[in-house]
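One file, model.txt, is given below (compact mmCIF, N, CA and C atoms).
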```txt
# COMPACT_ATOMS: atom_id res chain seq x y z
N MET V 222 0.66 -16.65 33.83
CA MET V 222 0.08 -17.76 33.12
C MET V 222 1.12 -18.88 33.08
N LYS V 223 0.68 -20.08 33.37
CA LYS V 223 1.58 -21.23 33.36
C LYS V 223 1.56 -21.90 31.99
N ASN V 224 2.64 -22.53 31.66
CA ASN V 224 2.73 -23.25 30.40
C ASN V 224 1.63 -24.30 30.32
N GLY V 225 0.90 -24.35 29.19
CA GLY V 225 -0.16 -25.32 29.02
C GLY V 225 -1.53 -24.81 29.40
N THR V 226 -1.63 -23.57 29.93
CA THR V 226 -2.91 -23.00 30.28
C THR V 226 -3.71 -22.72 29.02
N VAL V 227 -4.98 -23.06 29.00
CA VAL V 227 -5.86 -22.83 27.86
C VAL V 227 -6.80 -21.69 28.20
N ILE V 228 -6.92 -20.75 27.30
CA ILE V 228 -7.82 -19.62 27.49
C ILE V 228 -8.93 -19.76 26.45
N ILE V 229 -10.17 -19.71 26.90
CA ILE V 229 -11.31 -19.82 26.01
C ILE V 229 -12.03 -18.48 26.01
N SER V 230 -12.32 -17.97 24.81
CA SER V 230 -13.03 -16.70 24.71
C SER V 230 -14.25 -16.86 23.82
N ALA V 231 -15.08 -15.83 23.82
CA ALA V 231 -16.25 -15.82 22.95
C ALA V 231 -15.79 -15.77 21.49
N PRO V 232 -16.61 -16.26 20.55
CA PRO V 232 -16.24 -16.18 19.14
C PRO V 232 -15.97 -14.74 18.73
N LEU V 233 -15.05 -14.57 17.82
CA LEU V 233 -14.65 -13.25 17.34
C LEU V 233 -15.11 -13.09 15.91
N ASP V 234 -15.84 -12.03 15.61
CA ASP V 234 -16.25 -11.73 14.24
C ASP V 234 -15.16 -10.90 13.58
N VAL V 235 -14.72 -11.33 12.42
CA VAL V 235 -13.72 -10.60 11.65
C VAL V 235 -14.37 -10.12 10.37
N ASN V 236 -14.34 -8.81 10.14
CA ASN V 236 -14.93 -8.24 8.94
C ASN V 236 -13.89 -8.23 7.83
N LEU V 237 -14.10 -9.05 6.80
CA LEU V 237 -13.18 -9.11 5.68
C LEU V 237 -13.68 -8.30 4.50
N SER V 238 -14.64 -7.46 4.73
CA SER V 238 -15.20 -6.58 3.71
C SER V 238 -15.61 -7.37 2.49
N GLY V 239 -15.44 -6.78 1.32
CA GLY V 239 -15.84 -7.43 0.08
C GLY V 239 -14.70 -8.20 -0.55
N TYR V 240 -13.70 -8.56 0.20
CA TYR V 240 -12.52 -9.20 -0.35
C TYR V 240 -12.69 -10.71 -0.38
N SER V 241 -12.03 -11.32 -1.33
CA SER V 241 -12.02 -12.78 -1.40
C SER V 241 -10.60 -13.31 -1.50
N GLY V 242 -9.61 -12.45 -1.32
CA GLY V 242 -8.22 -12.87 -1.40
C GLY V 242 -7.28 -11.68 -1.27
N LEU V 243 -6.03 -11.92 -1.62
CA LEU V 243 -4.99 -10.90 -1.55
C LEU V 243 -5.36 -9.67 -2.37
N PRO V 244 -4.80 -8.52 -2.03
CA PRO V 244 -5.04 -7.33 -2.86
C PRO V 244 -4.51 -7.56 -4.28
N ALA V 245 -5.13 -6.90 -5.25
CA ALA V 245 -4.62 -6.94 -6.62
C ALA V 245 -3.21 -6.34 -6.64
N THR V 246 -2.42 -6.74 -7.62
CA THR V 246 -1.06 -6.21 -7.74
C THR V 246 -1.12 -4.75 -8.18
N PRO V 247 -0.53 -3.85 -7.40
CA PRO V 247 -0.62 -2.43 -7.73
C PRO V 247 0.40 -2.00 -8.78
N ASN V 248 0.09 -0.92 -9.46
CA ASN V 248 1.03 -0.23 -10.34
C ASN V 248 1.44 1.05 -9.64
N VAL V 249 2.74 1.35 -9.61
CA VAL V 249 3.21 2.61 -9.04
C VAL V 249 2.87 3.72 -10.03
N THR V 250 2.33 4.82 -9.51
CA THR V 250 2.04 5.98 -10.35
C THR V 250 2.90 7.15 -9.90
N ILE V 251 3.48 7.85 -10.88
CA ILE V 251 4.31 9.01 -10.60
C ILE V 251 3.87 10.13 -11.53
N VAL V 252 3.46 11.26 -10.96
CA VAL V 252 3.04 12.42 -11.74
C VAL V 252 3.98 13.57 -11.38
N ASP V 253 4.62 14.15 -12.39
CA ASP V 253 5.53 15.28 -12.21
C ASP V 253 4.70 16.56 -12.08
N LEU V 254 4.76 17.21 -10.92
CA LEU V 254 4.02 18.45 -10.67
C LEU V 254 4.87 19.69 -10.90
N GLY V 255 6.15 19.49 -11.27
CA GLY V 255 7.06 20.61 -11.48
C GLY V 255 7.86 20.93 -10.24
N ASN V 256 9.00 21.60 -10.44
CA ASN V 256 9.88 22.03 -9.33
C ASN V 256 10.29 20.87 -8.43
N ARG V 257 10.57 19.70 -9.04
CA ARG V 257 11.00 18.48 -8.32
C ARG V 257 9.95 18.00 -7.30
N THR V 258 8.71 18.32 -7.54
CA THR V 258 7.60 17.86 -6.72
C THR V 258 6.81 16.82 -7.51
N TYR V 259 6.52 15.70 -6.87
CA TYR V 259 5.88 14.57 -7.55
C TYR V 259 4.72 14.05 -6.71
N GLN V 260 3.71 13.56 -7.39
CA GLN V 260 2.62 12.84 -6.74
C GLN V 260 2.91 11.37 -6.99
N ILE V 261 3.20 10.64 -5.92
CA ILE V 261 3.60 9.24 -6.03
C ILE V 261 2.60 8.38 -5.28
N GLY V 262 2.15 7.32 -5.93
CA GLY V 262 1.15 6.46 -5.31
C GLY V 262 0.98 5.17 -6.06
N PHE V 263 -0.26 4.68 -6.08
CA PHE V 263 -0.54 3.41 -6.75
C PHE V 263 -1.93 3.44 -7.35
N SER V 264 -2.17 2.49 -8.24
CA SER V 264 -3.52 2.27 -8.75
C SER V 264 -3.70 0.79 -9.03
N ILE V 265 -4.92 0.33 -8.83
CA ILE V 265 -5.35 -0.99 -9.29
C ILE V 265 -6.68 -0.75 -10.01
N GLN V 266 -6.87 -1.41 -11.13
CA GLN V 266 -8.07 -1.20 -11.93
C GLN V 266 -9.23 -2.08 -11.47
N SER V 267 -8.92 -3.27 -11.00
CA SER V 267 -9.94 -4.20 -10.50
C SER V 267 -9.25 -5.24 -9.65
N GLY V 268 -10.04 -6.07 -9.01
CA GLY V 268 -9.49 -7.08 -8.11
C GLY V 268 -9.66 -6.64 -6.68
N ASN V 269 -9.21 -7.47 -5.78
CA ASN V 269 -9.39 -7.18 -4.35
C ASN V 269 -8.65 -5.92 -3.95
N ASN V 270 -9.32 -5.09 -3.16
CA ASN V 270 -8.75 -3.85 -2.66
C ASN V 270 -7.85 -4.11 -1.46
N ALA V 271 -7.21 -3.05 -1.02
CA ALA V 271 -6.35 -3.09 0.16
C ALA V 271 -6.96 -2.21 1.25
N ASP V 272 -6.57 -2.47 2.49
CA ASP V 272 -6.94 -1.63 3.62
C ASP V 272 -5.83 -0.65 3.96
N VAL V 273 -4.59 -1.06 3.72
CA VAL V 273 -3.42 -0.26 4.07
C VAL V 273 -2.45 -0.28 2.90
N TRP V 274 -1.83 0.86 2.61
CA TRP V 274 -0.77 0.87 1.60
C TRP V 274 0.49 1.45 2.18
N GLU V 275 1.61 0.95 1.69
CA GLU V 275 2.92 1.38 2.16
C GLU V 275 3.74 1.81 0.95
N LEU V 276 4.42 2.95 1.07
CA LEU V 276 5.27 3.45 0.00
C LEU V 276 6.73 3.29 0.42
N TYR V 277 7.49 2.62 -0.44
CA TYR V 277 8.91 2.40 -0.19
C TYR V 277 9.73 3.23 -1.16
N GLN V 278 10.74 3.90 -0.63
CA GLN V 278 11.67 4.69 -1.43
C GLN V 278 13.06 4.12 -1.22
N ASN V 279 13.67 3.67 -2.30
CA ASN V 279 15.01 3.06 -2.24
C ASN V 279 15.07 1.95 -1.20
N GLY V 280 14.02 1.14 -1.12
CA GLY V 280 13.98 -0.02 -0.25
C GLY V 280 13.55 0.25 1.18
N SER V 281 13.35 1.51 1.54
CA SER V 281 12.95 1.84 2.92
C SER V 281 11.53 2.36 2.95
N LEU V 282 10.77 1.90 3.94
CA LEU V 282 9.40 2.37 4.13
C LEU V 282 9.43 3.84 4.53
N ILE V 283 8.67 4.66 3.82
CA ILE V 283 8.54 6.07 4.19
C ILE V 283 7.37 6.13 5.17
N ASN V 284 7.66 6.06 6.45
CA ASN V 284 6.63 5.89 7.48
C ASN V 284 5.52 6.92 7.43
N ASN V 285 5.87 8.18 7.20
CA ASN V 285 4.82 9.20 7.26
C ASN V 285 3.92 9.17 6.03
N PHE V 286 4.17 8.28 5.07
CA PHE V 286 3.30 8.14 3.91
C PHE V 286 2.47 6.87 3.98
N GLN V 287 2.57 6.12 5.07
CA GLN V 287 1.73 4.94 5.22
C GLN V 287 0.34 5.43 5.58
N GLY V 288 -0.68 4.95 4.85
CA GLY V 288 -2.03 5.45 5.10
C GLY V 288 -3.07 4.36 4.99
N PHE V 289 -4.19 4.59 5.59
CA PHE V 289 -5.30 3.65 5.53
C PHE V 289 -6.21 4.01 4.37
N LEU V 290 -6.77 3.02 3.73
CA LEU V 290 -7.60 3.20 2.55
C LEU V 290 -9.05 2.90 2.86
N SER V 291 -9.95 3.46 2.08
CA SER V 291 -11.38 3.15 2.19
C SER V 291 -11.67 1.88 1.43
N GLU V 292 -12.43 0.99 2.02
CA GLU V 292 -12.79 -0.28 1.39
C GLU V 292 -13.63 0.00 0.15
N ASN V 293 -13.28 -0.64 -0.95
CA ASN V 293 -13.97 -0.42 -2.21
C ASN V 293 -14.24 -1.75 -2.91
N GLY V 294 -14.30 -2.84 -2.13
CA GLY V 294 -14.62 -4.16 -2.69
C GLY V 294 -13.61 -4.61 -3.72
N THR V 295 -14.08 -4.83 -4.95
CA THR V 295 -13.18 -5.25 -6.03
C THR V 295 -13.15 -4.21 -7.15
N ASN V 296 -13.53 -2.98 -6.84
CA ASN V 296 -13.50 -1.89 -7.82
C ASN V 296 -12.11 -1.25 -7.87
N ALA V 297 -11.93 -0.32 -8.79
CA ALA V 297 -10.66 0.39 -8.90
C ALA V 297 -10.34 1.09 -7.58
N GLN V 298 -9.04 1.20 -7.28
CA GLN V 298 -8.60 1.85 -6.04
C GLN V 298 -7.28 2.54 -6.32
N SER V 299 -7.07 3.70 -5.72
CA SER V 299 -5.81 4.42 -5.88
C SER V 299 -5.61 5.35 -4.70
N ALA V 300 -4.37 5.74 -4.52
CA ALA V 300 -4.01 6.71 -3.49
C ALA V 300 -2.65 7.27 -3.86
N SER V 301 -2.33 8.46 -3.36
CA SER V 301 -1.03 9.04 -3.65
C SER V 301 -0.66 10.05 -2.57
N LYS V 302 0.61 10.38 -2.55
CA LYS V 302 1.16 11.38 -1.66
C LYS V 302 2.06 12.30 -2.47
N THR V 303 2.12 13.56 -2.10
CA THR V 303 2.96 14.52 -2.78
C THR V 303 4.28 14.65 -2.04
N VAL V 304 5.39 14.56 -2.80
CA VAL V 304 6.72 14.66 -2.20
C VAL V 304 7.59 15.59 -3.05
N THR V 305 8.52 16.26 -2.41
CA THR V 305 9.52 17.06 -3.10
C THR V 305 10.85 16.36 -2.89
N LEU V 306 11.58 16.15 -3.99
CA LEU V 306 12.81 15.35 -3.95
C LEU V 306 14.02 16.15 -4.43
N ALA V 307 15.15 15.90 -3.84
CA ALA V 307 16.42 16.47 -4.29
C ALA V 307 16.83 15.74 -5.57
N PRO V 308 17.71 16.35 -6.38
CA PRO V 308 18.19 15.66 -7.58
C PRO V 308 18.81 14.31 -7.20
N GLY V 309 18.54 13.30 -8.03
CA GLY V 309 19.07 11.97 -7.78
C GLY V 309 18.20 10.92 -8.44
N THR V 310 18.55 9.66 -8.21
CA THR V 310 17.80 8.54 -8.75
C THR V 310 17.09 7.84 -7.60
N TYR V 311 15.81 7.60 -7.78
CA TYR V 311 14.98 7.01 -6.74
C TYR V 311 14.25 5.79 -7.29
N GLN V 312 14.08 4.80 -6.43
CA GLN V 312 13.28 3.63 -6.77
C GLN V 312 12.10 3.57 -5.79
N PHE V 313 10.91 3.43 -6.36
CA PHE V 313 9.70 3.38 -5.55
C PHE V 313 8.98 2.06 -5.73
N LYS V 314 8.41 1.57 -4.64
CA LYS V 314 7.63 0.34 -4.64
C LYS V 314 6.46 0.55 -3.69
N VAL V 315 5.32 -0.07 -4.01
CA VAL V 315 4.14 0.01 -3.16
C VAL V 315 3.78 -1.39 -2.68
N LYS V 316 3.42 -1.50 -1.42
CA LYS V 316 2.94 -2.76 -0.84
C LYS V 316 1.51 -2.52 -0.37
N LEU V 317 0.59 -3.40 -0.81
CA LEU V 317 -0.81 -3.32 -0.39
C LEU V 317 -1.12 -4.45 0.58
N ASN V 318 -1.92 -4.16 1.61
CA ASN V 318 -2.28 -5.14 2.62
C ASN V 318 -3.80 -5.18 2.82
N ASN V 319 -4.33 -6.39 3.03
CA ASN V 319 -5.71 -6.54 3.50
C ASN V 319 -5.74 -7.76 4.43
N GLY V 320 -6.91 -8.18 4.85
CA GLY V 320 -7.04 -9.28 5.79
C GLY V 320 -6.51 -10.62 5.29
N PHE V 321 -6.28 -10.75 3.99
CA PHE V 321 -5.77 -12.00 3.42
C PHE V 321 -4.25 -12.00 3.26
N GLY V 322 -3.62 -10.84 3.35
CA GLY V 322 -2.16 -10.77 3.18
C GLY V 322 -1.76 -9.53 2.41
N SER V 323 -0.65 -9.63 1.65
CA SER V 323 -0.13 -8.45 0.97
C SER V 323 0.40 -8.79 -0.42
N THR V 324 0.47 -7.77 -1.26
CA THR V 324 1.08 -7.87 -2.58
C THR V 324 1.97 -6.65 -2.77
N GLU V 325 2.94 -6.76 -3.68
CA GLU V 325 3.86 -5.67 -3.96
C GLU V 325 3.89 -5.34 -5.44
N SER V 326 4.12 -4.09 -5.73
CA SER V 326 4.26 -3.64 -7.11
C SER V 326 5.67 -3.96 -7.61
N ALA V 327 5.85 -3.79 -8.91
CA ALA V 327 7.19 -3.78 -9.47
C ALA V 327 7.84 -2.46 -9.05
N ILE V 328 9.15 -2.40 -9.10
CA ILE V 328 9.87 -1.16 -8.76
C ILE V 328 9.80 -0.19 -9.93
N GLN V 329 9.54 1.06 -9.62
CA GLN V 329 9.50 2.14 -10.61
C GLN V 329 10.65 3.09 -10.30
N THR V 330 11.50 3.36 -11.29
CA THR V 330 12.64 4.25 -11.10
C THR V 330 12.31 5.65 -11.57
N LEU V 331 12.71 6.64 -10.76
CA LEU V 331 12.50 8.04 -11.09
C LEU V 331 13.84 8.75 -11.01
N ILE V 332 14.20 9.47 -12.09
CA ILE V 332 15.42 10.27 -12.10
C ILE V 332 15.00 11.73 -11.99
N VAL V 333 15.46 12.39 -10.92
CA VAL V 333 15.13 13.78 -10.66
C VAL V 333 16.34 14.61 -11.04
N GLN V 334 16.14 15.56 -11.94
CA GLN V 334 17.24 16.41 -12.43
C GLN V 334 17.43 17.62 -11.53
```

Could you write out this file's structure as structure tokens?
Amino acid sequence: MKNGTVIISAPLDVNLSGYSGLPATPNVTIVDLGNRTYQIGFSIQSGNNADVWELYQNGSLINNFQGFLSENGTNAQSASKTVTLAPGTYQFKVKLNNGFGSTESAIQTLIVQ
């Protein structure tokens, strides 16, 4: 392709589901299941849902916990993953994404004994 070449294609339909903007700001949820095993995820009570959620531990994306969500319009939405952690201090954050962009939760600190 040469510089300045114009490509014309048929119109593209983009399904934005029932969303009208960015996902609602999520709250990190942490449930202690015992034996240093935790259910870590997010919840939103209302507002625009997300299509994809990302879980960050100590600032790094935990790739194998990135998952796709079912569209739920502007109703409550939640998801979680179960993890077993060594003793230490952990900071968790959730990032939600949809066709309009992304939002992030506040950081939640967990101390594992």

Q | Residue neighbourhood range 302-319 of chain V, 5 Å, all atoms listed in the file, exclusion window fewer than 3 positions, as a PyMOL selection string | A | chain V and resi 257-262+271-279+322-326+328-334

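Computed from the coordinates, the CA of Tyr240 in chain V to CA of Asn296 in chain V distance equals 10.5 Å.
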
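The space between CA of Leu254 in chain V and CA of Ser291 in chain V spans 25.2 Å.
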
Q) atom C of Leu243 in chain V and atom C of Ala300 in chain V are how many Å apart? A) 17.2 Å

What's the 8 Å shell around Ser267 in chain V, counting all atoms listed in the file, without same-chain residues fewer than 3 positions away, as a JSON list (two decimals) with N, CA and C atoms, keeping the file's coordinate frame?
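New file out-v2.json:
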```json
[["chain", "number", "residue", "atom", "x", "y", "z"],
["V", 244, "PRO", "N", -4.80, -8.52, -2.03],
["V", 244, "PRO", "CA", -5.04, -7.33, -2.86],
["V", 244, "PRO", "C", -4.51, -7.56, -4.28],
["V", 245, "ALA", "N", -5.13, -6.90, -5.25],
["V", 245, "ALA", "CA", -4.62, -6.94, -6.62],
["V", 245, "ALA", "C", -3.21, -6.34, -6.64],
["V", 246, "THR", "N", -2.42, -6.74, -7.62],
["V", 246, "THR", "CA", -1.06, -6.21, -7.74],
["V", 246, "THR", "C", -1.12, -4.75, -8.18],
["V", 264, "SER", "N", -2.17, 2.49, -8.24],
["V", 264, "SER", "CA", -3.52, 2.27, -8.75],
["V", 264, "SER", "C", -3.70, 0.79, -9.03],
["V", 270, "ASN", "N", -9.32, -5.09, -3.16],
["V", 270, "ASN", "CA", -8.75, -3.85, -2.66],
["V", 270, "ASN", "C", -7.85, -4.11, -1.46],
["V", 294, "GLY", "N", -14.30, -2.84, -2.13],
["V", 294, "GLY", "CA", -14.62, -4.16, -2.69],
["V", 294, "GLY", "C", -13.61, -4.61, -3.72],
["V", 295, "THR", "N", -14.08, -4.83, -4.95],
["V", 295, "THR", "CA", -13.18, -5.25, -6.03],
["V", 295, "THR", "C", -13.15, -4.21, -7.15],
["V", 296, "ASN", "N", -13.53, -2.98, -6.84],
["V", 296, "ASN", "CA", -13.50, -1.89, -7.82],
["V", 296, "ASN", "C", -12.11, -1.25, -7.87],
["V", 297, "ALA", "N", -11.93, -0.32, -8.79],
["V", 297, "ALA", "CA", -10.66, 0.39, -8.90],
["V", 297, "ALA", "C", -10.34, 1.09, -7.58],
["V", 298, "GLN", "N", -9.04, 1.20, -7.28],
["V", 298, "GLN", "CA", -8.60, 1.85, -6.04],
["V", 298, "GLN", "C", -7.28, 2.54, -6.32]]
```

Q: Using DSSP on the backbone, list every residue of range 244-298 of chain V that comes out as strand (DSSP E), and give them as a ChimeraX atom specification.
A: /V:248-255,258-265,273-278,281-282,288-289,298

Q: Would you list the residues near (-3.3, 3.9, -13.6) (no more than 8 Å away, in the coordinates of the file, using only C-alpha atoms) as a list of chain:residue names?
A: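 Residues satisfying the cut-off, written out: V:Asn248, V:Thr250, V:Phe263, V:Ser264, V:Ile265, V:Gln266.
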
Write to file, as a PDB file, in the frame of the given file, the residues of the selection just made, with N, CA and C atoms.
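Below is the file that was written, result05.pdb:
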```
ATOM      1  N   ASN V 248       0.090  -0.920  -9.460  1.00  0.00           N
ATOM      2  CA  ASN V 248       1.030  -0.230 -10.340  1.00  0.00           C
ATOM      3  C   ASN V 248       1.440   1.050  -9.640  1.00  0.00           C
ATOM      4  N   THR V 250       2.330   4.820  -9.510  1.00  0.00           N
ATOM      5  CA  THR V 250       2.040   5.980 -10.350  1.00  0.00           C
ATOM      6  C   THR V 250       2.900   7.150  -9.900  1.00  0.00           C
ATOM      7  N   PHE V 263      -0.260   4.680  -6.080  1.00  0.00           N
ATOM      8  CA  PHE V 263      -0.540   3.410  -6.750  1.00  0.00           C
ATOM      9  C   PHE V 263      -1.930   3.440  -7.350  1.00  0.00           C
ATOM     10  N   SER V 264      -2.170   2.490  -8.240  1.00  0.00           N
ATOM     11  CA  SER V 264      -3.520   2.270  -8.750  1.00  0.00           C
ATOM     12  C   SER V 264      -3.700   0.790  -9.030  1.00  0.00           C
ATOM     13  N   ILE V 265      -4.920   0.330  -8.830  1.00  0.00           N
ATOM     14  CA  ILE V 265      -5.350  -0.990  -9.290  1.00  0.00           C
ATOM     15  C   ILE V 265      -6.680  -0.750 -10.010  1.00  0.00           C
ATOM     16  N   GLN V 266      -6.870  -1.410 -11.130  1.00  0.00           N
ATOM     17  CA  GLN V 266      -8.070  -1.200 -11.930  1.00  0.00           C
ATOM     18  C   GLN V 266      -9.230  -2.080 -11.470  1.00  0.00           C
TER      19      GLN V 266
END
```
